[in-house]
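So this one's input.txt, compact mmCIF, C-alpha atoms and all ligand atoms:
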# COMPACT_ATOMS: atom_id res chain seq x y z
CA MET A 1 95.33 73.36 65.22
CA THR A 2 96.46 76.69 63.80
CA ARG A 3 98.20 79.00 66.22
CA LYS A 4 98.62 82.66 65.30
CA PRO A 5 102.33 83.53 65.51
CA ILE A 6 103.36 86.03 68.15
CA VAL A 7 106.49 88.14 67.73
CA ALA A 8 107.55 90.10 70.80
CA GLY A 9 110.36 92.62 71.19
CA ASN A 10 112.11 92.55 74.55
CA TRP A 11 113.87 95.89 74.74
CA LYS A 12 115.55 94.99 78.06
CA MET A 13 117.21 97.98 79.79
CA ASN A 14 117.33 100.07 76.61
CA LYS A 15 115.56 103.23 75.42
CA THR A 16 114.51 106.28 77.40
CA HIS A 17 110.86 107.17 77.07
CA THR A 18 111.65 109.66 74.28
CA GLU A 19 113.74 107.11 72.37
CA ALA A 20 110.96 104.57 72.88
CA LEU A 21 108.47 106.94 71.30
CA SER A 22 110.50 107.28 68.12
CA LEU A 23 111.23 103.54 67.97
CA VAL A 24 107.56 102.57 68.15
CA GLN A 25 106.56 105.29 65.66
CA THR A 26 109.14 104.11 63.13
CA LEU A 27 108.05 100.53 63.70
CA SER A 28 104.43 101.45 63.01
CA TYR A 29 105.45 103.06 59.68
CA GLU A 30 107.24 99.86 58.72
CA LEU A 31 104.32 97.54 59.49
CA GLY A 32 101.01 97.30 57.66
CA GLU A 33 97.58 95.76 58.12
CA LYS A 34 98.64 92.44 56.55
CA ASP A 35 101.48 92.07 59.03
CA TYR A 36 99.11 92.42 61.98
CA GLU A 37 96.72 89.92 60.42
CA ARG A 38 99.46 87.32 60.12
CA ALA A 39 101.09 87.77 63.53
CA ASP A 40 100.45 89.33 66.91
CA VAL A 41 103.10 92.00 67.43
CA VAL A 42 104.17 92.94 70.96
CA VAL A 43 106.70 95.45 72.29
CA CYS A 44 108.05 95.25 75.83
CA PRO A 45 109.74 98.56 76.72
CA PRO A 46 111.24 99.34 80.13
CA PHE A 47 108.70 100.36 82.81
CA THR A 48 109.59 104.05 82.42
CA ALA A 49 108.54 104.05 78.77
CA LEU A 50 105.28 102.08 79.09
CA ARG A 51 103.03 105.11 79.50
CA THR A 52 104.57 106.91 76.52
CA VAL A 53 104.29 103.86 74.27
CA GLN A 54 100.76 103.14 75.49
CA LEU A 55 99.62 106.65 74.54
CA VAL A 56 101.10 106.58 71.04
CA LEU A 57 99.69 103.10 70.34
CA GLU A 58 96.21 104.14 71.49
CA GLU A 59 96.11 107.64 69.99
CA ASP A 60 97.34 106.45 66.59
CA HIS A 61 95.31 103.19 66.70
CA ILE A 62 98.42 101.07 66.14
CA PRO A 63 97.54 97.39 66.63
CA ILE A 64 100.77 96.54 68.47
CA ASP A 65 100.24 95.05 71.93
CA LEU A 66 102.05 96.42 74.93
CA GLY A 67 104.00 94.15 77.26
CA ALA A 68 106.15 94.62 80.34
CA GLN A 69 109.38 92.82 81.18
CA ASN A 70 108.57 91.74 84.73
CA LEU A 71 106.07 92.22 87.56
CA HIS A 72 105.98 91.69 91.31
CA TRP A 73 103.66 89.02 92.73
CA GLU A 74 102.03 91.31 95.30
CA ASP A 75 99.44 93.84 94.16
CA GLU A 76 100.71 96.71 96.32
CA GLY A 77 102.59 97.45 99.51
CA ALA A 78 106.03 98.03 101.00
CA PHE A 79 108.15 96.57 98.19
CA THR A 80 110.47 99.43 97.27
CA GLY A 81 111.41 99.47 93.62
CA GLU A 82 108.83 96.91 92.49
CA ILE A 83 105.97 97.17 89.98
CA SER A 84 102.71 95.27 90.36
CA GLY A 85 100.40 93.67 87.83
CA ALA A 86 97.72 96.19 88.79
CA PHE A 87 99.93 99.04 87.59
CA LEU A 88 100.67 97.27 84.32
CA ALA A 89 97.01 96.48 83.72
CA SER A 90 96.08 100.12 84.24
CA LEU A 91 98.55 101.02 81.46
CA HIS A 92 96.70 98.53 79.24
CA CYS A 93 99.58 96.11 79.06
CA ARG A 94 98.37 92.84 77.59
CA TYR A 95 101.48 90.74 78.12
CA VAL A 96 104.24 90.45 80.69
CA ILE A 97 107.51 88.55 80.35
CA VAL A 98 108.13 86.27 83.35
CA GLY A 99 111.25 84.35 84.27
CA HIS A 100 113.61 85.71 81.63
CA SER A 101 117.02 84.08 82.02
CA GLU A 102 118.61 87.44 82.85
CA ARG A 103 116.24 87.71 85.80
CA ARG A 104 117.03 84.14 86.81
CA THR A 105 120.79 84.75 86.53
CA TYR A 106 121.18 88.27 87.96
CA PHE A 107 118.14 88.77 90.19
CA GLY A 108 117.57 85.43 91.89
CA GLU A 109 114.46 84.40 89.99
CA THR A 110 113.47 80.79 90.71
CA ASP A 111 110.71 78.55 89.39
CA GLU A 112 108.84 79.29 92.63
CA THR A 113 108.94 83.08 92.11
CA VAL A 114 108.12 82.57 88.44
CA ASN A 115 104.99 80.74 89.54
CA LYS A 116 103.99 83.56 91.93
CA ARG A 117 104.46 86.13 89.17
CA VAL A 118 102.47 84.01 86.70
CA GLN A 119 99.60 83.83 89.22
CA ALA A 120 99.81 87.60 89.74
CA ALA A 121 99.76 88.25 86.00
CA TYR A 122 96.52 86.30 85.58
CA ARG A 123 94.96 88.06 88.57
CA HIS A 124 95.25 91.26 86.54
CA ASP A 125 94.28 89.74 83.23
CA LEU A 126 97.80 89.94 81.83
CA ILE A 127 99.09 87.13 79.63
CA PRO A 128 102.45 85.87 80.89
CA ILE A 129 105.19 85.08 78.40
CA VAL A 130 106.98 82.48 80.49
CA CYS A 131 110.65 82.00 79.57
CA VAL A 132 112.44 78.68 79.92
CA GLY A 133 115.79 77.50 78.64
CA GLU A 134 118.93 75.54 79.43
CA THR A 135 122.48 76.79 80.05
CA ALA A 136 125.40 75.73 77.85
CA ASP A 137 126.51 73.29 80.53
CA GLU A 138 123.07 71.72 80.81
CA ARG A 139 122.93 71.35 77.05
CA ASP A 140 126.42 69.83 76.86
CA THR A 141 125.48 67.24 79.48
CA GLY A 142 122.31 66.27 77.61
CA ARG A 143 119.92 67.73 80.17
CA THR A 144 118.00 70.24 78.02
CA GLU A 145 114.63 68.50 78.06
CA GLU A 146 114.86 67.68 81.75
CA VAL A 147 115.68 71.30 82.64
CA VAL A 148 113.00 72.97 80.54
CA GLY A 149 110.46 70.33 81.62
CA GLN A 150 111.12 71.14 85.26
CA GLN A 151 110.86 74.90 84.60
CA VAL A 152 107.50 74.38 82.90
CA ARG A 153 106.08 72.08 85.60
CA ASP A 154 107.17 74.24 88.54
CA GLY A 155 106.60 77.61 86.92
CA LEU A 156 103.04 76.80 85.87
CA ARG A 157 101.63 75.11 88.96
CA GLY A 158 98.03 75.72 89.90
CA LEU A 159 96.68 77.37 86.77
CA THR A 160 93.02 77.08 85.86
CA LYS A 161 92.10 75.61 82.47
CA ASP A 162 91.26 79.04 81.14
CA GLN A 163 94.52 80.60 82.34
CA PHE A 164 96.52 77.72 80.93
CA ALA A 165 94.91 78.11 77.52
CA ARG A 166 95.97 81.78 77.20
CA LEU A 167 99.59 81.20 78.14
CA VAL A 168 102.59 82.03 75.95
CA VAL A 169 105.89 80.21 76.49
CA ALA A 170 109.27 81.36 75.18
CA TYR A 171 112.00 78.77 74.74
CA GLU A 172 115.27 80.66 75.05
CA PRO A 173 118.50 78.68 75.41
CA VAL A 174 120.58 80.79 77.81
CA TRP A 175 123.71 80.33 75.69
CA ALA A 176 121.92 81.67 72.61
CA ILE A 177 120.79 84.96 74.17
CA GLY A 178 122.75 87.91 72.84
CA SER A 179 125.54 85.60 71.64
CA GLY A 180 124.86 85.34 67.93
CA ARG A 181 124.75 81.55 68.37
CA THR A 182 121.54 79.55 67.99
CA PRO A 183 120.46 75.94 68.04
CA THR A 184 119.57 74.64 64.59
CA PRO A 185 115.90 75.24 63.76
CA GLU A 186 115.41 71.45 63.97
CA GLU A 187 116.92 71.34 67.47
CA ALA A 188 114.76 74.25 68.61
CA ASN A 189 111.72 72.53 67.12
CA GLU A 190 112.53 69.32 68.94
CA THR A 191 112.91 71.02 72.33
CA ILE A 192 109.74 73.03 71.79
CA GLY A 193 107.96 69.78 70.94
CA ALA A 194 109.20 68.39 74.25
CA ILE A 195 107.92 71.50 76.04
CA ARG A 196 104.53 70.99 74.43
CA ARG A 197 104.44 67.39 75.66
CA VAL A 198 105.07 68.62 79.21
CA LEU A 199 102.36 71.26 78.77
CA ALA A 200 100.02 68.45 77.72
CA GLU A 201 100.86 66.51 80.90
CA VAL A 202 100.16 69.60 82.99
CA GLY A 203 97.05 70.98 81.31
CA GLY A 204 95.77 68.40 78.84
CA ASP A 205 96.60 67.76 75.24
CA GLY A 206 93.86 69.93 73.75
CA ALA A 207 94.97 73.04 75.60
CA ALA A 208 98.66 72.34 74.98
CA GLN A 209 98.05 72.20 71.23
CA GLY A 210 96.70 75.74 71.36
CA ILE A 211 99.51 77.31 73.41
CA ARG A 212 101.93 79.48 71.48
CA ILE A 213 105.58 78.67 72.07
CA GLN A 214 108.15 81.16 70.82
CA TYR A 215 111.79 80.62 70.08
CA GLY A 216 114.17 83.27 71.47
CA GLY A 217 117.93 83.79 71.41
CA SER A 218 119.82 85.69 68.69
CA VAL A 219 116.80 85.86 66.41
CA SER A 220 117.51 88.11 63.42
CA ALA A 221 115.99 89.14 60.12
CA GLY A 222 118.44 86.67 58.56
CA ASN A 223 117.46 83.55 60.52
CA ILE A 224 113.78 84.05 61.45
CA ALA A 225 112.38 82.30 58.37
CA THR A 226 114.21 79.06 59.16
CA PHE A 227 112.80 79.00 62.69
CA MET A 228 109.27 79.89 61.58
CA ALA A 229 109.36 77.07 59.02
CA GLN A 230 109.33 74.60 61.93
CA PRO A 231 105.90 73.26 62.85
CA GLU A 232 106.26 73.64 66.64
CA ILE A 233 107.60 77.22 66.60
CA ASP A 234 104.89 79.87 66.90
CA GLY A 235 106.85 83.09 66.90
CA ALA A 236 109.86 84.73 68.47
CA LEU A 237 111.00 86.65 71.51
CA VAL A 238 113.51 89.10 70.11
CA GLY A 239 116.08 91.07 72.11
CA GLY A 240 118.84 92.95 70.27
CA ALA A 241 117.16 92.96 66.86
CA SER A 242 113.97 94.48 68.30
CA LEU A 243 115.84 97.74 69.03
CA ASP A 244 116.12 98.41 65.31
CA PRO A 245 112.60 98.99 63.97
CA ARG A 246 113.50 97.92 60.43
CA SER A 247 115.04 94.63 61.56
CA PHE A 248 112.13 93.98 63.90
CA ALA A 249 109.61 94.69 61.13
CA MET A 250 111.46 92.25 58.87
CA ILE A 251 111.26 89.64 61.62
CA VAL A 252 107.52 90.23 62.00
CA ARG A 253 107.18 89.67 58.25
CA PHE A 254 109.50 86.60 58.36
P1 LIG B 301 118.56 88.34 71.87
O1 LIG B 301 117.73 88.28 73.24
O2 LIG B 301 117.57 88.34 70.75
O3 LIG B 301 119.33 89.65 71.96
O4 LIG B 301 119.45 87.15 71.87
C1 LIG B 301 116.57 87.50 73.32
C2 LIG B 301 115.99 87.63 74.70
O5 LIG B 301 116.75 87.72 75.67
O6 LIG B 301 114.75 87.64 74.88
Would you mind giving the structure from this file in structure tokens?
Amino acid sequence: MTRKPIVAGNWKMNKTHTEALSLVQTLSYELGEKDYERADVVVCPPFTALRTVQLVLEEDHIPIDLGAQNLHWEDEGAFTGEISGAFLASLHCRYVIVGHSERRTYFGETDETVNKRVQAAYRHDLIPIVCVGETADERDTGRTEEVVGQQVRDGLRGLTKDQFARLVVAYEPVWAIGSGRTPTPEEANETIGAIRRVLAEVGGDGAAQGIRIQYGGSVSAGNIATFMAQPEIDGALVGGASLDPRSFAMIVRF
């Protein structure tokens, strides 16, 4: 089955709304029609820049999809500081990152809250990009497949067939994020293959074969081609390198 690659830029807590505007404009000058045919391109700015980026994408007919970096599982109410899927949908977000390791590490995200957020995303027709990955310690003790398998099983409980089929998963080893270190492309391919086998257990082999699984963690213009050459890897979730429009465009063109 052919899966269209998906390259997403996770801007994290970077870029004011004015900086975001110039980043996305420069990115759109760098990318052409062929690039969008070959890969789905997504940018995930901070919440405060979503409206600005939405407007420039829509007014200039730029075929980059908008994504958010998180959402709350309730639709509205007394949850000071939180953002709901309804708000993101009304800004025409198409994707939302869920369960990024920085949220797991610094903000108490668990597989249970990941699952609630995934459910909320689908309620508002958003496609979750669900992040899984092992720590250095888990890798060193040979537990990578066990850990990511558990994150997939618990994070994706209770999805309908249709929801499951639209899912995007990002495999991001925690130790590779922002560190300049990566697994070898073969190792990443092997773990992503294991993730796909768990997805097949959860939602059936046919659906699992269609789900796009990205690699993330220190992806750069210099290493993207080696990851994309692997049969199980369907794109990338890019942090640091997505803040430079030229690097990100080179990654999209891998
Ligand atoms: P990085 O971040 O590309 O800066 O390593 C990836 C991510 O956290 O999604």
| query | Taking (111.2, 90.4, 78.5) in the file's coordinates as the center, which residues reach within 6 Å of it, counting only C-alpha atoms, put as a PyMOL selection string? | reply | chain A and resi 10+69+97
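From atom O4 of ligand LIG 301 (chain B) back to CA of Glu187 (chain A), the distance works out to 16.6 Å.
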| message | Could you check the closest approach to Ala86 (chain A) for each of A:Ala120, A:Leu55, A:Ala170, A:Leu31 and tell me which residue wins, using all atoms listed in the file? | response | A:Ala120
| task | Find the spatial neighbours of region 158-162 of chain A, counting only C-alpha atoms, within a cut-off of 12 Å - ignore same-chain residues fewer than 6 positions away - and output them as a PyMOL selection string. | result | chain A and resi 112+115-123+125+127-128+152+199-200+202-208+210-211
Please tabulate, as a Markdown table, the residues of region 115-180 of chain A that come within 9 Å of region 224-241 of chain A, each with its closest pair of atoms and the distance in Å to one decimal, counting all atoms listed in the file and ordering rows by chain, then residue number upward.
| residue | atom | partner | partner_atom | distance |
| --- | --- | --- | --- | --- |
| A:Ala170 | CA | A:Leu237 | CA | 6.7 |
| A:Tyr171 | CA | A:Leu237 | CA | 8.6 |
| A:Glu172 | CA | A:Leu237 | CA | 8.2 |
| A:Ile177 | CA | A:Gly239 | CA | 8.0 |
| A:Gly178 | CA | A:Gly240 | CA | 6.9 |
| note | Counting only C-alpha atoms and all ligand atoms, closest pick from A:Ser22, A:Ser101, A:Ser247, A:Thr113 relative to ligand LIG 301 (chain B) is A:Ser101
| query | So which residues touch Glu76 (chain A) within 10 Å, counting all atoms listed in the file, skipping near sequence neighbours fewer than 5 positions away, as JSON, numbers by chain? | reply | {"A": [82, 83, 84, 85, 86, 87]}
Centre and edge lengths, as AutoDock Vina command-line options, for the axis-aligned box enclosing every listed atom of ligand LIG 301 (chain B) with 5 Å of padding on each of the six sides, in Å to one decimal?
--center_x 117.1 --center_y 88.4 --center_z 73.2 --size_x 14.7 --size_y 12.5 --size_z 14.9
| Which residues come within 6 Å of Val98 (chain A), counting all atoms listed in the file, excluding same-chain residues fewer than 2 positions away, as a PyMOL selection string? | chain A and resi 70+100+129-130
C-alpha atoms of region 90-240 of chain A, written as a tab-separated table (two decimals), in the first residue's frame:
chain	number	residue	atom	x	y	z
A	90	SER	CA	-12.89	26.76	14.01
A	91	LEU	CA	-9.41	27.97	12.98
A	92	HIS	CA	-9.42	25.23	10.33
A	93	CYS	CA	-6.68	23.23	11.96
A	94	ARG	CA	-6.51	19.81	10.34
A	95	TYR	CA	-4.00	18.17	12.67
A	96	VAL	CA	-3.12	18.28	16.34
A	97	ILE	CA	-0.04	16.83	18.02
A	98	VAL	CA	-0.95	14.69	21.03
A	99	GLY	CA	1.33	13.22	23.68
A	100	HIS	CA	4.59	14.87	22.66
A	101	SER	CA	7.36	13.72	25.00
A	102	GLU	CA	7.85	17.27	26.28
A	103	ARG	CA	4.22	17.25	27.41
A	104	ARG	CA	4.70	13.82	28.98
A	105	THR	CA	7.89	14.94	30.76
A	106	TYR	CA	7.04	18.49	31.87
A	107	PHE	CA	3.23	18.59	32.02
A	108	GLY	CA	2.18	15.22	33.40
A	109	GLU	CA	0.79	13.76	30.19
A	110	THR	CA	-0.03	10.05	30.54
A	111	ASP	CA	-1.33	7.44	28.11
A	112	GLU	CA	-4.75	7.94	29.72
A	113	THR	CA	-4.79	11.71	29.03
A	114	VAL	CA	-3.37	11.06	25.57
A	115	ASN	CA	-6.37	8.83	24.91
A	116	LYS	CA	-8.82	11.50	26.12
A	117	ARG	CA	-7.18	14.09	23.88
A	118	VAL	CA	-7.22	11.70	20.89
A	119	GLN	CA	-10.97	11.15	21.43
A	120	ALA	CA	-11.50	14.92	21.67
A	121	ALA	CA	-9.53	15.53	18.48
A	122	TYR	CA	-11.75	13.15	16.51
A	123	ARG	CA	-14.90	14.69	17.99
A	124	HIS	CA	-13.88	17.89	16.20
A	125	ASP	CA	-12.67	16.23	13.04
A	126	LEU	CA	-9.01	16.89	13.80
A	127	ILE	CA	-6.41	14.28	12.90
A	128	PRO	CA	-4.22	13.50	15.90
A	129	ILE	CA	-0.48	13.06	15.41
A	130	VAL	CA	0.11	10.75	18.34
A	131	CYS	CA	3.70	10.78	19.63
A	132	VAL	CA	5.35	7.74	21.18
A	133	GLY	CA	8.95	7.01	22.06
A	134	GLU	CA	11.31	5.51	24.60
A	135	THR	CA	13.75	7.23	26.97
A	136	ALA	CA	17.50	6.57	26.83
A	137	ASP	CA	17.20	4.32	29.87
A	138	GLU	CA	14.37	2.30	28.34
A	139	ARG	CA	16.40	1.89	25.16
A	140	ASP	CA	19.54	0.86	27.06
A	141	THR	CA	17.59	-1.81	28.92
A	142	GLY	CA	16.12	-3.22	25.71
A	143	ARG	CA	12.57	-2.09	26.40
A	144	THR	CA	11.91	0.12	23.36
A	145	GLU	CA	9.30	-2.07	21.68
A	146	GLU	CA	7.53	-2.82	24.94
A	147	VAL	CA	7.31	0.88	25.83
A	148	VAL	CA	6.09	2.16	22.48
A	149	GLY	CA	3.69	-0.80	22.19
A	150	GLN	CA	2.12	0.13	25.52
A	151	GLN	CA	1.86	3.81	24.51
A	152	VAL	CA	0.09	2.82	21.29
A	153	ARG	CA	-2.33	0.37	22.95
A	154	ASP	CA	-3.29	2.68	25.81
A	155	GLY	CA	-3.24	5.93	23.87
A	156	LEU	CA	-5.50	4.63	21.11
A	157	ARG	CA	-8.19	2.79	23.05
A	158	GLY	CA	-11.75	2.91	21.80
A	159	LEU	CA	-11.30	4.33	18.32
A	160	THR	CA	-13.78	3.53	15.57
A	161	LYS	CA	-12.50	1.93	12.38
A	162	ASP	CA	-12.82	5.20	10.52
A	163	GLN	CA	-10.98	7.20	13.18
A	164	PHE	CA	-8.23	4.61	13.35
A	165	ALA	CA	-7.70	4.75	9.59
A	166	ARG	CA	-7.06	8.52	9.61
A	167	LEU	CA	-4.53	8.45	12.44
A	168	VAL	CA	-0.93	9.67	12.19
A	169	VAL	CA	1.69	8.32	14.60
A	170	ALA	CA	5.08	9.91	15.27
A	171	TYR	CA	7.86	7.72	16.63
A	172	GLU	CA	10.17	10.04	18.53
A	173	PRO	CA	12.85	8.52	20.76
A	174	VAL	CA	13.00	10.92	23.73
A	175	TRP	CA	16.81	10.88	23.73
A	176	ALA	CA	16.89	11.94	20.07
A	177	ILE	CA	14.73	15.05	20.47
A	178	GLY	CA	16.77	18.23	20.20
A	179	SER	CA	19.98	16.32	20.93
A	180	GLY	CA	21.52	15.94	17.49
A	181	ARG	CA	21.59	12.17	18.11
A	182	THR	CA	19.38	9.75	16.20
A	183	PRO	CA	18.86	6.03	15.94
A	184	THR	CA	20.18	4.59	12.69
A	185	PRO	CA	17.55	4.67	9.93
A	186	GLU	CA	17.45	0.85	10.15
A	187	GLU	CA	16.76	0.97	13.90
A	188	ALA	CA	14.03	3.57	13.42
A	189	ASN	CA	12.54	1.44	10.65
A	190	GLU	CA	12.55	-1.62	12.88
A	191	THR	CA	10.79	0.15	15.76
A	192	ILE	CA	8.26	1.70	13.41
A	193	GLY	CA	7.62	-1.77	11.98
A	194	ALA	CA	6.95	-2.95	15.54
A	195	ILE	CA	4.56	-0.03	16.07
A	196	ARG	CA	2.72	-1.02	12.90
A	197	ARG	CA	2.36	-4.58	14.18
A	198	VAL	CA	0.77	-3.25	17.37
A	199	LEU	CA	-1.51	-1.01	15.30
A	200	ALA	CA	-2.54	-4.11	13.37
A	201	GLU	CA	-3.41	-5.90	16.63
A	202	VAL	CA	-5.49	-2.92	17.73
A	203	GLY	CA	-7.26	-1.99	14.52
A	204	GLY	CA	-6.67	-4.74	11.97
A	205	ASP	CA	-3.91	-5.29	9.48
A	206	GLY	CA	-5.58	-3.53	6.56
A	207	ALA	CA	-6.03	-0.28	8.46
A	208	ALA	CA	-2.57	-0.47	10.02
A	209	GLN	CA	-0.97	-0.72	6.58
A	210	GLY	CA	-2.54	2.60	5.66
A	211	ILE	CA	-1.54	4.56	8.77
A	212	ARG	CA	1.29	7.02	8.32
A	213	ILE	CA	4.06	6.72	10.88
A	214	GLN	CA	6.60	9.53	11.05
A	215	TYR	CA	10.07	9.48	12.48
A	216	GLY	CA	10.97	12.45	14.73
A	217	GLY	CA	14.04	13.48	16.71
A	218	SER	CA	16.91	15.60	15.32
A	219	VAL	CA	15.66	15.33	11.75
A	220	SER	CA	17.67	17.64	9.47
A	221	ALA	CA	18.13	18.43	5.81
A	222	GLY	CA	21.29	16.30	6.07
A	223	ASN	CA	19.73	13.09	7.41
A	224	ILE	CA	16.13	13.09	6.12
A	225	ALA	CA	16.88	11.14	2.93
A	226	THR	CA	18.30	8.19	4.87
A	227	PHE	CA	15.18	7.96	7.03
A	228	MET	CA	12.80	8.35	4.09
A	229	ALA	CA	14.60	5.55	2.24
A	230	GLN	CA	13.24	3.13	4.85
A	231	PRO	CA	10.04	1.33	3.85
A	232	GLU	CA	8.18	1.79	7.16
A	233	ILE	CA	8.92	5.52	7.56
A	234	ASP	CA	6.23	7.77	6.11
A	235	GLY	CA	7.50	11.24	6.92
A	236	ALA	CA	8.92	13.28	9.74
A	237	LEU	CA	7.96	15.37	12.73
A	238	VAL	CA	10.54	18.13	12.75
A	239	GLY	CA	11.33	20.44	15.66
A	240	GLY	CA	14.42	22.67	15.50
